[in-house]
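Peer 1: Right, I'll just put the structure down here and ask away after.
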Amino acid sequence: MTEAAITQLFERLGRLTAATRQKAGNGTAWDYTFPDGETHRYVIHGIKSHKDAEDSAFNLLIWVWNAKDYLKRWAESNGKNAQLVEDAVTANTALAVCADLANRLKHGEVTRSRSARFPRLGVVSFEAPQAALGSLTFRAFEVEMEIANPTLVEFHLPVADNTGGEMGDAFEYCGKGIEELERLRAAIQNAG
C-alpha cells in the first residue's frame, strides 16, 4: 500500500462526506395513513430524497470501515504492526459503531459487535426551519413544501442500540470516525 493510495482514500472520504452534506435535490414524497384510515400525501421540492440521503450515509459508513483495511496494509508496508490499527478501531467508540453499522449493511445481520451495542440504523429524517421554506401549501389530504434554501435543512439518521435506545446520529459517528482515521494516518506516518 502506497502513500498515494492512502491520500486517494482520504480524498474519497472527503468527497463522500461532502455528498452527505449536499442537501439540494429533486425532492421527495410519501403517503401516510392515519389510524382512522385517512391517507395524506406529503410532497417536498428542492431537497434530496430520504433514500438519496440514506445512500450517501451508507456509502460513507462502508468507506469509513474500508479505511481500516487500507491503514492496516499501509502500516505493514511501512514496517509497523497492523494490530495498532485494530486496537485503535476497537478503542474508539465512533469507529467501533461505524464498523458495526457497515458490517450490518454489508451482511444484513451481525453476530459480533465491536461496540458491544449491536447498533442499528433508524429512518432518515430532516428538519427544515422556517427560513428554509419558499412556500408551504395545504390541500385536502396533501401538504406540499418548496425548500428555497436547502443549506438550512438538517438531515438525521438515528443509531439505536440492541435495546432500541438511541445512541446518536450516523452522520456524527462518521465525522468522529474520520477524525480518528486521520489521527491513525498521522501516527503511522510519524511512527519511527
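Ordered as shown in the C-alpha cells, chains take letters A, B, and onward, while each chain numbers its residues from 1 and ligands are numbered from 1 in the order shown.
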Please run DSSP on the backbone and report, as a count of residues only, all residues within region 55-131 of chain A that come out as alpha helix (DSSP H).
Peer 2: 47
Peer 1: Write out as a list in words the residues lying within 9 Å of Arg21 (chain A), counting only C-alpha atoms and excluding same-chain residues fewer than 3 positions away.
Peer 2: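 Near Arg21 (chain A), the qualifying residues are Leu16, Thr17, Ala18, Ala53, Ser56, Thr151, Glu154 and Phe155 of chain A.
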Peer 1: Only N, CA, C and O atoms, please: the residues just picked out, written as a short mmCIF file (atom, residue, chain, number, x, y, z; two decimals), in the first residue's frame.
Peer 2:
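Once everything was written out, this is out15.cif:
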data_model
loop_
_atom_site.label_atom_id
_atom_site.label_comp_id
_atom_site.auth_asym_id
_atom_site.auth_seq_id
_atom_site.Cartn_x
_atom_site.Cartn_y
_atom_site.Cartn_z
N LEU A 16 -17.16 11.77 -0.11
CA LEU A 16 -18.35 11.11 0.43
C LEU A 16 -18.96 11.93 1.57
O LEU A 16 -20.19 12.00 1.71
N THR A 17 -18.11 12.55 2.37
CA THR A 17 -18.61 13.43 3.44
C THR A 17 -19.34 14.61 2.82
O THR A 17 -20.43 14.99 3.28
N ALA A 18 -18.76 15.20 1.77
CA ALA A 18 -19.41 16.32 1.09
C ALA A 18 -20.75 15.90 0.51
O ALA A 18 -21.72 16.67 0.56
N ALA A 53 -30.37 10.58 0.74
CA ALA A 53 -29.64 10.89 1.98
C ALA A 53 -29.17 9.60 2.64
O ALA A 53 -28.03 9.51 3.11
N SER A 56 -26.20 8.15 0.69
CA SER A 56 -24.97 8.89 1.00
C SER A 56 -24.38 8.44 2.32
O SER A 56 -23.17 8.23 2.43
N THR A 151 -29.65 24.62 2.15
CA THR A 151 -28.48 24.58 3.04
C THR A 151 -28.88 24.67 4.50
O THR A 151 -28.11 24.28 5.38
N GLU A 154 -31.48 20.19 7.91
CA GLU A 154 -30.61 19.24 8.62
C GLU A 154 -31.17 17.83 8.45
O GLU A 154 -32.33 17.58 8.79
N PHE A 155 -30.34 16.93 7.92
CA PHE A 155 -30.71 15.53 7.82
C PHE A 155 -30.20 14.80 9.06
O PHE A 155 -29.14 15.12 9.60
#
Peer 1: Which residues are close to region 111-113 of chain A, i.e. within 12 Å by only C-alpha atoms, leaving aside same-chain residues fewer than 4 positions away? Reply as a ChimeraX atom specification.
Peer 2: /A:90,93,95-104,107,117-120,161-162
Peer 1: Please save C-alpha atoms of the selected residues as a CSV table (one decimal), in the first residue's frame.
Peer 2:
chain,number,residue,atom,x,y,z
A,90,THR,CA,-11.9,-1.1,18.9
A,93,THR,CA,-16.4,4.4,20.1
A,95,LEU,CA,-15.1,3.8,14.7
A,96,ALA,CA,-16.5,0.7,16.6
A,97,VAL,CA,-20.1,1.9,15.9
A,98,CYS,CA,-19.2,2.6,12.2
A,99,ALA,CA,-17.7,-0.8,11.9
A,100,ASP,CA,-20.8,-2.5,13.3
A,101,LEU,CA,-23.1,-0.4,11.1
A,102,ALA,CA,-21.0,-1.1,8.0
A,103,ASN,CA,-21.0,-4.8,8.7
A,104,ARG,CA,-24.7,-4.8,9.2
A,107,HIS,CA,-24.1,-8.7,5.7
A,117,ARG,CA,-24.1,-2.5,21.4
A,118,PHE,CA,-25.2,-4.1,18.1
A,119,PRO,CA,-26.3,-0.8,16.7
A,120,ARG,CA,-28.9,-0.4,14.0
A,161,ASP,CA,-28.5,0.1,20.3
A,162,ASN,CA,-29.8,-3.5,20.7
Peer 1: Please produce, as CSV, a per-residue contact table for region 137-181 of chain A versus region 39-46 of chain A (criterion: any atom at most 7 Å away, only C-alpha atoms considered), showing the nearest atom pair and its distance in Å to one decimal, sorted by chain then residue number.
Peer 2:
residue,atom,partner,partner_atom,distance
A:Phe141,CA,A:His40,CA,4.4
A:Glu142,CA,A:Arg41,CA,4.6
A:Val143,CA,A:Tyr42,CA,5.0
A:Glu144,CA,A:Val43,CA,4.6
A:Met145,CA,A:Ile44,CA,4.7
A:Glu146,CA,A:His45,CA,4.8
A:Ile147,CA,A:Gly46,CA,5.0
A:Ala148,CA,A:Gly46,CA,6.8
A:Pro150,CA,A:Gly46,CA,6.7
Peer 1: Store the residues picked out above in a file with N, CA and C atoms, as a PDB file, in the first residue's frame.
Peer 2:
ATOM      1  N   PHE A 141     -55.925  16.506   2.031  1.00  0.00           N
ATOM      2  CA  PHE A 141     -55.136  15.274   2.042  1.00  0.00           C
ATOM      3  C   PHE A 141     -53.730  15.416   1.444  1.00  0.00           C
ATOM      4  N   GLU A 142     -53.240  16.653   1.303  1.00  0.00           N
ATOM      5  CA  GLU A 142     -51.886  16.829   0.782  1.00  0.00           C
ATOM      6  C   GLU A 142     -51.249  18.092   1.357  1.00  0.00           C
ATOM      7  N   VAL A 143     -49.958  17.965   1.663  1.00  0.00           N
ATOM      8  CA  VAL A 143     -49.143  19.107   2.077  1.00  0.00           C
ATOM      9  C   VAL A 143     -47.963  19.156   1.110  1.00  0.00           C
ATOM     10  N   GLU A 144     -47.737  20.318   0.508  1.00  0.00           N
ATOM     11  CA  GLU A 144     -46.628  20.485  -0.429  1.00  0.00           C
ATOM     12  C   GLU A 144     -45.725  21.615   0.076  1.00  0.00           C
ATOM     13  N   MET A 145     -44.427  21.333   0.072  1.00  0.00           N
ATOM     14  CA  MET A 145     -43.456  22.296   0.585  1.00  0.00           C
ATOM     15  C   MET A 145     -42.383  22.514  -0.470  1.00  0.00           C
ATOM     16  N   GLU A 146     -42.028  23.769  -0.653  1.00  0.00           N
ATOM     17  CA  GLU A 146     -40.917  24.127  -1.541  1.00  0.00           C
ATOM     18  C   GLU A 146     -39.794  24.629  -0.642  1.00  0.00           C
ATOM     19  N   ILE A 147     -38.642  23.963  -0.728  1.00  0.00           N
ATOM     20  CA  ILE A 147     -37.477  24.388   0.045  1.00  0.00           C
ATOM     21  C   ILE A 147     -36.694  25.363  -0.818  1.00  0.00           C
ATOM     22  N   ALA A 148     -36.623  26.615  -0.393  1.00  0.00           N
ATOM     23  CA  ALA A 148     -35.911  27.645  -1.147  1.00  0.00           C
ATOM     24  C   ALA A 148     -34.438  27.704  -0.774  1.00  0.00           C
ATOM     25  N   PRO A 150     -32.018  25.022   0.741  1.00  0.00           N
ATOM     26  CA  PRO A 150     -31.746  23.691   1.278  1.00  0.00           C
ATOM     27  C   PRO A 150     -30.538  23.618   2.208  1.00  0.00           C
TER      28      PRO A 150
END
Peer 1: Please list as a PyMOL selection string every residue within 12 Å of Trp74 (chain A), counting only C-alpha atoms and excluding residues in the same chain fewer than 4 positions away.
Peer 2: chain A and resi 1-7+9+67-70+78-85+184-189
Peer 1: Could those residues be written to a file, using N, CA, C and O atoms, as a compact mmCIF listing (two decimals), in the first residue's frame?
Peer 2:
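Below is the file that was written, result17.txt:
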# COMPACT_ATOMS: atom_id res chain seq x y z
N MET A 1 0.85 -1.17 0.00
CA MET A 1 0.00 0.00 0.00
C MET A 1 0.90 1.23 0.00
O MET A 1 1.83 1.33 0.78
N THR A 2 0.58 2.17 -0.86
CA THR A 2 1.42 3.37 -1.00
C THR A 2 0.77 4.57 -0.31
O THR A 2 -0.44 4.58 -0.06
N GLU A 3 1.59 5.57 -0.07
CA GLU A 3 1.07 6.81 0.50
C GLU A 3 0.08 7.45 -0.47
O GLU A 3 -0.92 8.05 -0.04
N ALA A 4 0.32 7.31 -1.76
CA ALA A 4 -0.62 7.86 -2.76
C ALA A 4 -1.99 7.20 -2.64
O ALA A 4 -3.03 7.88 -2.74
N ALA A 5 -2.02 5.89 -2.40
CA ALA A 5 -3.29 5.20 -2.23
C ALA A 5 -4.02 5.68 -0.98
O ALA A 5 -5.25 5.83 -0.97
N ILE A 6 -3.26 5.95 0.08
CA ILE A 6 -3.85 6.46 1.32
C ILE A 6 -4.39 7.87 1.09
O ILE A 6 -5.48 8.21 1.55
N THR A 7 -3.65 8.68 0.36
CA THR A 7 -4.11 10.03 0.03
C THR A 7 -5.42 9.95 -0.76
O THR A 7 -6.38 10.69 -0.47
N LEU A 9 -7.59 7.55 -0.70
CA LEU A 9 -8.62 7.08 0.23
C LEU A 9 -9.21 8.25 1.00
O LEU A 9 -10.43 8.40 1.09
N ALA A 67 -11.60 1.93 5.24
CA ALA A 67 -10.35 2.64 5.50
C ALA A 67 -9.47 1.90 6.50
O ALA A 67 -8.24 1.96 6.42
N LYS A 68 -10.08 1.17 7.41
CA LYS A 68 -9.32 0.40 8.39
C LYS A 68 -8.37 -0.57 7.69
O LYS A 68 -7.19 -0.66 8.03
N ASP A 69 -8.88 -1.29 6.71
CA ASP A 69 -8.04 -2.26 5.99
C ASP A 69 -6.92 -1.58 5.21
O ASP A 69 -5.80 -2.08 5.15
N TYR A 70 -7.22 -0.43 4.62
CA TYR A 70 -6.19 0.33 3.91
C TYR A 70 -5.08 0.73 4.88
O TYR A 70 -3.90 0.59 4.59
N ASN A 78 4.89 -0.10 5.85
CA ASN A 78 5.85 0.82 6.47
C ASN A 78 6.55 0.18 7.67
O ASN A 78 7.12 0.89 8.50
N GLY A 79 6.46 -1.15 7.75
CA GLY A 79 7.16 -1.86 8.82
C GLY A 79 6.53 -1.72 10.20
O GLY A 79 7.17 -1.99 11.20
N LYS A 80 5.27 -1.33 10.25
CA LYS A 80 4.57 -1.16 11.53
C LYS A 80 3.64 -2.35 11.75
O LYS A 80 3.24 -3.04 10.81
N ASN A 81 3.25 -2.54 12.98
CA ASN A 81 2.34 -3.61 13.34
C ASN A 81 0.90 -3.17 13.03
O ASN A 81 0.42 -2.18 13.57
N ALA A 82 0.21 -3.92 12.18
CA ALA A 82 -1.15 -3.60 11.79
C ALA A 82 -2.12 -3.68 12.96
O ALA A 82 -3.21 -3.09 12.92
N GLN A 83 -1.72 -4.38 14.02
CA GLN A 83 -2.59 -4.52 15.19
C GLN A 83 -2.88 -3.16 15.83
O GLN A 83 -3.92 -2.98 16.44
N LEU A 84 -1.98 -2.20 15.66
CA LEU A 84 -2.23 -0.88 16.23
C LEU A 84 -3.49 -0.26 15.64
O LEU A 84 -4.23 0.45 16.32
N VAL A 85 -3.77 -0.55 14.37
CA VAL A 85 -4.99 -0.05 13.73
C VAL A 85 -6.21 -0.76 14.32
O VAL A 85 -7.19 -0.11 14.69
N LEU A 184 -4.93 8.22 13.12
CA LEU A 184 -4.21 6.96 12.87
C LEU A 184 -3.25 7.11 11.69
O LEU A 184 -2.13 6.61 11.74
N ARG A 185 -3.71 7.77 10.65
CA ARG A 185 -2.84 8.00 9.49
C ARG A 185 -1.58 8.74 9.91
O ARG A 185 -0.47 8.36 9.54
N ALA A 186 -1.75 9.79 10.70
CA ALA A 186 -0.61 10.57 11.16
C ALA A 186 0.30 9.73 12.06
O ALA A 186 1.52 9.81 11.96
N ALA A 187 -0.29 8.90 12.91
CA ALA A 187 0.50 8.05 13.80
C ALA A 187 1.35 7.05 13.01
O ALA A 187 2.53 6.83 13.34
N ILE A 188 0.77 6.48 11.97
CA ILE A 188 1.54 5.54 11.12
C ILE A 188 2.64 6.29 10.39
O ILE A 188 3.78 5.82 10.30
N GLN A 189 2.30 7.45 9.87
CA GLN A 189 3.27 8.24 9.10
C GLN A 189 4.44 8.70 9.97
O GLN A 189 5.58 8.71 9.52
